[in-house]
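File shown: my_file_15.tsv. Contents: TSV, C-alpha atoms.
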```tsv
chain	number	residue	atom	x	y	z
A	1	MET	CA	-9.66	-57.92	9.46
A	2	GLU	CA	-8.25	-56.56	6.21
A	3	LEU	CA	-6.93	-53.01	6.13
A	4	VAL	CA	-8.19	-51.03	3.23
A	5	ASP	CA	-6.17	-48.05	1.96
A	6	VAL	CA	-8.60	-45.30	1.07
A	7	SER	CA	-5.97	-42.66	0.15
A	8	ASP	CA	-6.21	-40.98	-3.14
A	9	GLU	CA	-3.49	-42.27	-5.53
A	10	LYS	CA	-2.56	-38.70	-6.54
A	11	THR	CA	-2.06	-37.71	-2.90
A	12	VAL	CA	0.16	-40.71	-2.24
A	13	LYS	CA	2.30	-39.91	-5.29
A	14	LYS	CA	2.60	-36.28	-4.14
A	15	LYS	CA	3.73	-37.35	-0.69
A	16	ASP	CA	6.27	-39.76	-2.13
A	17	ARG	CA	7.68	-37.07	-4.43
A	18	PHE	CA	7.91	-34.62	-1.55
A	19	MET	CA	9.78	-37.04	0.69
A	20	LEU	CA	12.07	-37.95	-2.19
A	21	PHE	CA	12.86	-34.23	-2.57
A	22	VAL	CA	13.64	-34.03	1.16
A	23	TYR	CA	15.94	-37.07	1.08
A	24	ILE	CA	17.78	-35.80	-2.02
A	25	SER	CA	18.23	-32.39	-0.36
A	26	LEU	CA	19.69	-34.00	2.75
A	27	ILE	CA	22.04	-36.24	0.77
A	28	LEU	CA	23.12	-33.25	-1.33
A	29	LEU	CA	23.73	-31.28	1.86
A	30	ILE	CA	25.99	-33.98	3.25
A	31	VAL	CA	27.90	-34.51	0.00
A	32	LEU	CA	28.34	-30.79	-0.76
A	33	GLY	CA	29.19	-30.08	2.86
A	34	LEU	CA	31.92	-32.71	2.98
A	35	ILE	CA	33.38	-31.69	-0.39
A	36	THR	CA	33.41	-28.02	0.61
A	37	TYR	CA	34.91	-28.73	4.04
A	38	PHE	CA	37.76	-30.92	2.79
A	39	PHE	CA	38.49	-29.38	-0.60
A	40	GLY	CA	36.96	-25.93	-0.67
A	41	TYR	CA	39.29	-24.01	1.65
A	42	ASP	CA	41.87	-23.05	-0.97
A	43	LEU	CA	39.17	-21.88	-3.37
A	44	LEU	CA	37.33	-19.81	-0.78
A	45	LYS	CA	40.37	-18.41	1.06
A	46	PRO	CA	40.59	-15.18	-0.99
A	47	ILE	CA	37.06	-14.17	-0.08
A	48	ILE	CA	37.19	-15.05	3.62
A	49	LYS	CA	37.73	-12.07	5.88
A	50	VAL	CA	39.54	-12.58	9.16
B	51	MET	CA	-15.49	-33.21	5.57
B	52	LYS	CA	-14.16	-31.04	8.41
B	53	SER	CA	-11.82	-33.78	9.54
B	54	LEU	CA	-10.54	-34.15	5.96
B	55	ILE	CA	-9.78	-30.40	5.79
B	56	ASN	CA	-8.06	-30.61	9.18
B	57	LYS	CA	-6.02	-33.57	8.00
B	58	ILE	CA	-4.92	-31.71	4.82
B	59	ASN	CA	-3.99	-28.61	6.85
B	60	LYS	CA	-1.95	-30.70	9.31
B	61	GLU	CA	-0.11	-32.36	6.44
B	62	LYS	CA	0.67	-29.00	4.84
B	63	LEU	CA	1.96	-27.70	8.15
B	64	PHE	CA	4.09	-30.81	8.57
B	65	ASN	CA	5.55	-30.34	5.07
B	66	VAL	CA	6.34	-26.68	5.74
B	67	ILE	CA	8.11	-27.63	8.98
B	68	ILE	CA	10.20	-30.23	7.17
B	69	VAL	CA	11.21	-27.73	4.47
B	70	LEU	CA	12.15	-25.17	7.15
B	71	ILE	CA	14.26	-27.78	8.94
B	72	VAL	CA	16.11	-28.62	5.71
B	73	ILE	CA	16.76	-24.92	5.04
B	74	PHE	CA	17.94	-24.46	8.62
B	75	LEU	CA	20.36	-27.38	8.22
B	76	TYR	CA	21.80	-25.83	5.05
B	77	VAL	CA	22.34	-22.50	6.81
B	78	PHE	CA	23.85	-24.19	9.88
B	79	VAL	CA	26.33	-26.24	7.82
B	80	ALA	CA	27.30	-23.16	5.75
B	81	LEU	CA	27.94	-21.10	8.89
B	82	PHE	CA	29.93	-23.92	10.49
B	83	ILE	CA	32.15	-24.31	7.42
B	84	TYR	CA	32.65	-20.52	7.11
B	85	SER	CA	33.59	-20.23	10.78
B	86	ASP	CA	36.09	-23.09	10.46
B	87	PHE	CA	37.65	-21.61	7.32
B	88	ARG	CA	37.91	-18.21	8.99
B	89	GLU	CA	39.78	-19.75	11.93
B	90	ARG	CA	42.08	-21.69	9.57
B	91	LYS	CA	42.95	-18.50	7.70
B	92	ARG	CA	43.56	-16.60	10.93
B	93	GLN	CA	45.89	-19.35	12.16
B	94	GLU	CA	47.76	-19.29	8.83
B	95	ILE	CA	48.35	-15.57	9.28
B	96	ALA	CA	49.53	-16.10	12.86
B	97	ASP	CA	51.86	-18.95	11.80
B	98	GLY	CA	53.30	-16.78	9.01
B	99	ILE	CA	53.95	-13.95	11.45
B	100	ILE	CA	55.63	-16.32	13.93
B	101	GLU	CA	57.92	-17.52	11.12
B	102	LYS	CA	58.94	-13.92	10.51
B	103	VAL	CA	59.59	-13.50	14.26
B	104	ASP	CA	61.88	-16.54	14.26
B	105	GLU	CA	63.73	-15.25	11.17
B	106	GLN	CA	64.20	-11.83	12.78
B	107	ILE	CA	65.50	-13.40	15.99
B	108	GLU	CA	68.20	-15.18	13.94
B	109	GLU	CA	69.07	-11.95	12.09
B	110	ASN	CA	69.19	-9.96	15.33
B	111	LYS	CA	71.84	-12.30	16.73
B	112	GLU	CA	74.22	-11.11	14.02
B	113	GLN	CA	73.32	-7.43	14.07
B	114	GLU	CA	74.95	-4.71	16.12
B	115	ASN	CA	71.68	-2.76	16.33
B	116	PRO	CA	68.97	-5.40	16.61
B	117	VAL	CA	65.43	-4.36	15.71
B	118	THR	CA	62.78	-4.44	18.44
B	119	GLU	CA	59.78	-4.68	16.16
B	120	ILE	CA	59.07	-5.92	12.65
B	121	VAL	CA	56.44	-4.79	10.20
B	122	THR	CA	54.71	-7.35	8.04
B	123	SER	CA	51.46	-7.54	6.11
B	124	TYR	CA	48.92	-10.18	5.11
B	125	GLY	CA	45.92	-9.64	2.91
B	126	GLY	CA	46.69	-5.93	2.64
B	127	ILE	CA	46.69	-5.39	6.42
B	128	LYS	CA	49.85	-4.19	8.13
B	129	TYR	CA	50.93	-5.78	11.43
B	130	THR	CA	53.76	-4.63	13.71
B	131	VAL	CA	55.13	-7.61	15.64
B	132	LEU	CA	56.87	-7.34	19.00
B	133	GLY	CA	57.40	-10.98	19.89
B	134	LYS	CA	55.42	-14.11	20.69
B	135	ILE	CA	53.54	-15.67	23.57
B	136	ARG	CA	53.31	-19.35	24.48
B	137	ILE	CA	51.04	-20.83	27.15
B	138	LYS	CA	51.45	-24.61	26.94
B	139	LYS	CA	48.68	-25.44	29.41
B	140	ILE	CA	45.98	-23.95	27.18
B	141	ASN	CA	47.75	-24.51	23.85
B	142	ILE	CA	48.37	-20.89	22.92
B	143	TYR	CA	51.26	-19.97	20.61
B	144	GLN	CA	50.62	-16.61	19.02
B	145	PRO	CA	52.50	-13.50	17.87
B	146	ILE	CA	52.18	-10.35	19.97
B	147	LEU	CA	51.14	-7.37	17.87
B	148	LYS	CA	51.57	-3.68	18.55
B	149	GLU	CA	48.54	-2.08	16.86
B	150	ASN	CA	45.49	-1.54	19.07
B	151	THR	CA	43.15	-2.01	16.12
B	152	LYS	CA	40.28	-4.33	15.26
B	153	SER	CA	42.35	-5.96	12.49
B	154	ALA	CA	45.16	-6.70	14.94
B	155	TYR	CA	42.81	-8.16	17.54
B	156	ASP	CA	41.15	-10.29	14.84
B	157	ALA	CA	44.56	-11.67	13.80
B	158	SER	CA	46.25	-12.27	17.16
B	159	VAL	CA	46.87	-10.85	20.65
B	160	VAL	CA	47.93	-7.26	21.20
B	161	LYS	CA	50.19	-5.44	23.63
B	162	ILE	CA	47.88	-2.89	25.24
B	163	SER	CA	50.31	-1.02	27.48
B	164	GLY	CA	53.56	-1.22	29.40
B	165	PRO	CA	57.29	-1.28	28.69
B	166	ASP	CA	59.09	-3.38	26.07
B	167	LEU	CA	58.65	-7.12	26.33
B	168	ASN	CA	60.70	-8.87	28.99
B	169	THR	CA	61.81	-5.64	30.67
B	170	ASN	CA	60.98	-4.42	34.18
B	171	GLY	CA	57.39	-3.34	34.59
B	172	ASN	CA	53.90	-4.60	33.75
B	173	VAL	CA	53.26	-5.54	30.12
B	174	VAL	CA	49.55	-5.90	29.45
B	175	ILE	CA	48.47	-8.16	26.58
B	176	GLY	CA	44.87	-8.26	25.42
B	177	GLY	CA	43.06	-10.81	23.26
B	178	HIS	CA	39.58	-11.77	22.15
B	179	ASN	CA	37.71	-14.43	24.06
B	180	PHE	CA	36.47	-16.32	21.05
B	181	MET	CA	37.99	-17.91	17.93
B	182	ARG	CA	37.97	-21.49	19.22
B	183	GLY	CA	40.48	-21.28	21.99
B	184	ASN	CA	43.39	-19.86	20.08
B	185	PHE	CA	42.94	-16.55	21.79
B	186	PHE	CA	42.23	-15.82	25.40
B	187	ILE	CA	38.96	-17.69	25.91
B	188	LYS	CA	40.80	-20.26	28.04
B	189	ILE	CA	42.89	-17.98	30.23
B	190	ASN	CA	40.35	-18.54	33.01
B	191	ARG	CA	41.82	-22.07	33.29
B	192	LEU	CA	45.17	-20.67	34.40
B	193	VAL	CA	45.91	-21.04	38.10
B	194	LYS	CA	48.84	-20.17	40.37
B	195	ASN	CA	52.27	-21.14	39.06
B	196	ASP	CA	51.07	-21.88	35.53
B	197	VAL	CA	53.64	-20.65	33.04
B	198	VAL	CA	53.35	-17.93	30.41
B	199	THR	CA	56.40	-17.63	28.15
B	200	ILE	CA	57.15	-14.40	26.32
B	201	THR	CA	59.80	-14.34	23.60
B	202	ASP	CA	61.03	-10.98	22.33
B	203	LEU	CA	62.82	-10.24	19.06
B	204	MET	CA	66.24	-10.60	20.72
B	205	GLY	CA	65.37	-14.28	21.15
B	206	GLN	CA	65.12	-13.89	24.92
B	207	SER	CA	62.40	-16.16	26.34
B	208	VAL	CA	61.21	-15.41	29.86
B	209	ASP	CA	58.88	-17.60	31.89
B	210	TYR	CA	56.26	-15.78	33.92
B	211	TYR	CA	54.44	-17.60	36.74
B	212	VAL	CA	50.79	-16.84	37.42
B	213	TYR	CA	50.20	-15.32	40.85
B	214	GLU	CA	46.85	-13.56	40.55
B	215	TYR	CA	43.69	-13.72	38.45
B	216	GLY	CA	40.13	-12.48	38.59
B	217	VAL	CA	37.25	-10.49	37.15
B	218	THR	CA	37.02	-6.73	37.06
B	219	THR	CA	34.57	-4.19	35.70
B	220	ILE	CA	35.05	-2.23	32.47
B	221	ASP	CA	35.77	0.92	34.48
B	222	ASP	CA	38.43	-0.67	36.67
B	223	ALA	CA	41.76	-0.54	34.82
B	224	SER	CA	43.92	-1.27	37.86
B	225	TYR	CA	45.37	-4.30	36.05
B	226	LEU	CA	47.22	-1.77	33.83
B	227	ALA	CA	49.13	-0.31	36.79
B	228	GLN	CA	52.90	-0.59	36.97
B	229	PRO	CA	54.29	-2.58	39.93
B	230	SER	CA	55.49	-0.82	43.05
B	231	ASN	CA	58.75	-2.76	42.89
B	232	ASP	CA	60.73	-1.41	39.92
B	233	ASN	CA	62.58	-4.68	39.51
B	234	ASP	CA	59.48	-6.81	38.93
B	235	LYS	CA	58.81	-8.18	35.47
B	236	ILE	CA	55.09	-8.78	35.13
B	237	VAL	CA	52.83	-9.77	32.26
B	238	THR	CA	49.05	-9.29	32.51
B	239	LEU	CA	46.69	-11.11	30.14
B	240	VAL	CA	43.24	-9.61	29.75
B	241	THR	CA	40.11	-10.51	27.84
B	242	CYS	CA	36.41	-9.65	27.82
B	243	THR	CA	33.86	-11.71	29.65
B	244	LYS	CA	30.08	-11.61	30.15
B	245	GLY	CA	29.47	-10.21	26.69
B	246	GLY	CA	32.08	-7.48	27.13
B	247	LYS	CA	30.59	-6.13	30.36
B	248	GLU	CA	33.54	-7.32	32.46
B	249	ARG	CA	37.23	-8.11	32.05
B	250	TYR	CA	39.03	-11.28	33.08
B	251	TYR	CA	42.70	-10.80	33.86
B	252	VAL	CA	45.62	-13.04	34.76
B	253	LYS	CA	48.86	-11.69	36.24
B	254	ALA	CA	52.14	-13.54	36.03
B	255	LYS	CA	55.56	-12.60	37.34
B	256	ALA	CA	59.07	-13.61	36.28
B	257	LYS	CA	61.14	-15.24	39.01
```
This structure in structure tokens:
Amino acid sequence: MELVDVSDEKTVKKKDRFMLFVYISLILLIVLGLITYFFGYDLLKPIIKV
Amino acid sequence: MKSLINKINKEKLFNVIIVLIVIFLYVFVALFIYSDFRERKRQEIADGIIEKVDEQIEENKEQENPVTEIVTSYGGIKYTVLGKIRIKKINIYQPILKENTKSAYDASVVKISGPDLNTNGNVVIGGHNFMRGNFFIKINRLVKNDVVTITDLMGQSVDYYVYEYGVTTIDDASYLAQPSNDNDKIVTLVTCTKGGKERYYVKAKAK
């Protein structure tokens, strides 16, 4: 039996864009997090309160 | 039609949940990094103070009137240092400060009461129970005959051996009491437990 996709093309594009946004956010989080953790201490030291 | 509306609502809900999870992850990572940086800075301050202690110990060896406390400052906050404490079993190596202030407790451990370090009597040292184990969160792992080493500014290091430990209420300050035997040298470590509702103390005596 053949499966027929009845989704609206606009809806599919919206979903794809949304998931792309989520993936980019997560990748950005990891990259920014690692950069900040390994290289950001000296920059942020003056504003950190013990 | 109804099922289509339901489907759209479920998808919207799903999308909102995903966005909230991403935001939560950003906040969690930011807090984790801030907490780590804060601990690194605190340890830098403590290491700097310990360096000053070691320098003063060397100077005191050559002086006729050695000093018993040194005043230093980091980030605009003044600290009066009396010596240092080392507990190898739980990886503590911190300066002992004199001020009973929030800034002092945030930077290191503090002498609460008692005579000068390494003299006869009960010296009570207090510390926070957080900050990733560099303070007194792990003193509940100390058992009998574990060693606490106190070094004063004369360079004298005395080993104290744990002989008693336990929990007490906020109102019970018996751990501050001086020993009945005047010749005993005792050090008492104390920290908060159960959200500050109780105190955990460890007593150690020099042989």
- Message: Distance cut-off 7 Å, counting all atoms listed in the file - which residues of chain A neighbour chain B? Return them as a PyMOL selection string.
- Response: chain A and resi 29+33+37+41+48-50
- Item | Gap from atom CA of B:Arg249 to atom CA of B:Asp209 - Å, one decimal | 23.6 Å
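For B:Tyr213, the residues within 10 Å (counting all atoms listed in the file, excluding itself and residues fewer than 2 positions away along the chain) are Leu192, Val193, Lys194, Asn195, Asp196, Tyr210, Tyr211, Tyr215, Ile236, Val252, Lys253, Ala254 and Lys255 of chain B.
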- Do you have the atom CA of B:Ile146-atom CA of B:Val131 distance handy? 5.9 Å
- Note on the structure: One decimal place gives the atom CA of B:Val174-atom CA of B:Lys161 separation as 5.9 Å
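Considering all atoms listed in the file, the residue among B:Leu203, B:Val160, B:Val66, B:Cys242 positioned nearest to B:Gln113 is B:Leu203.
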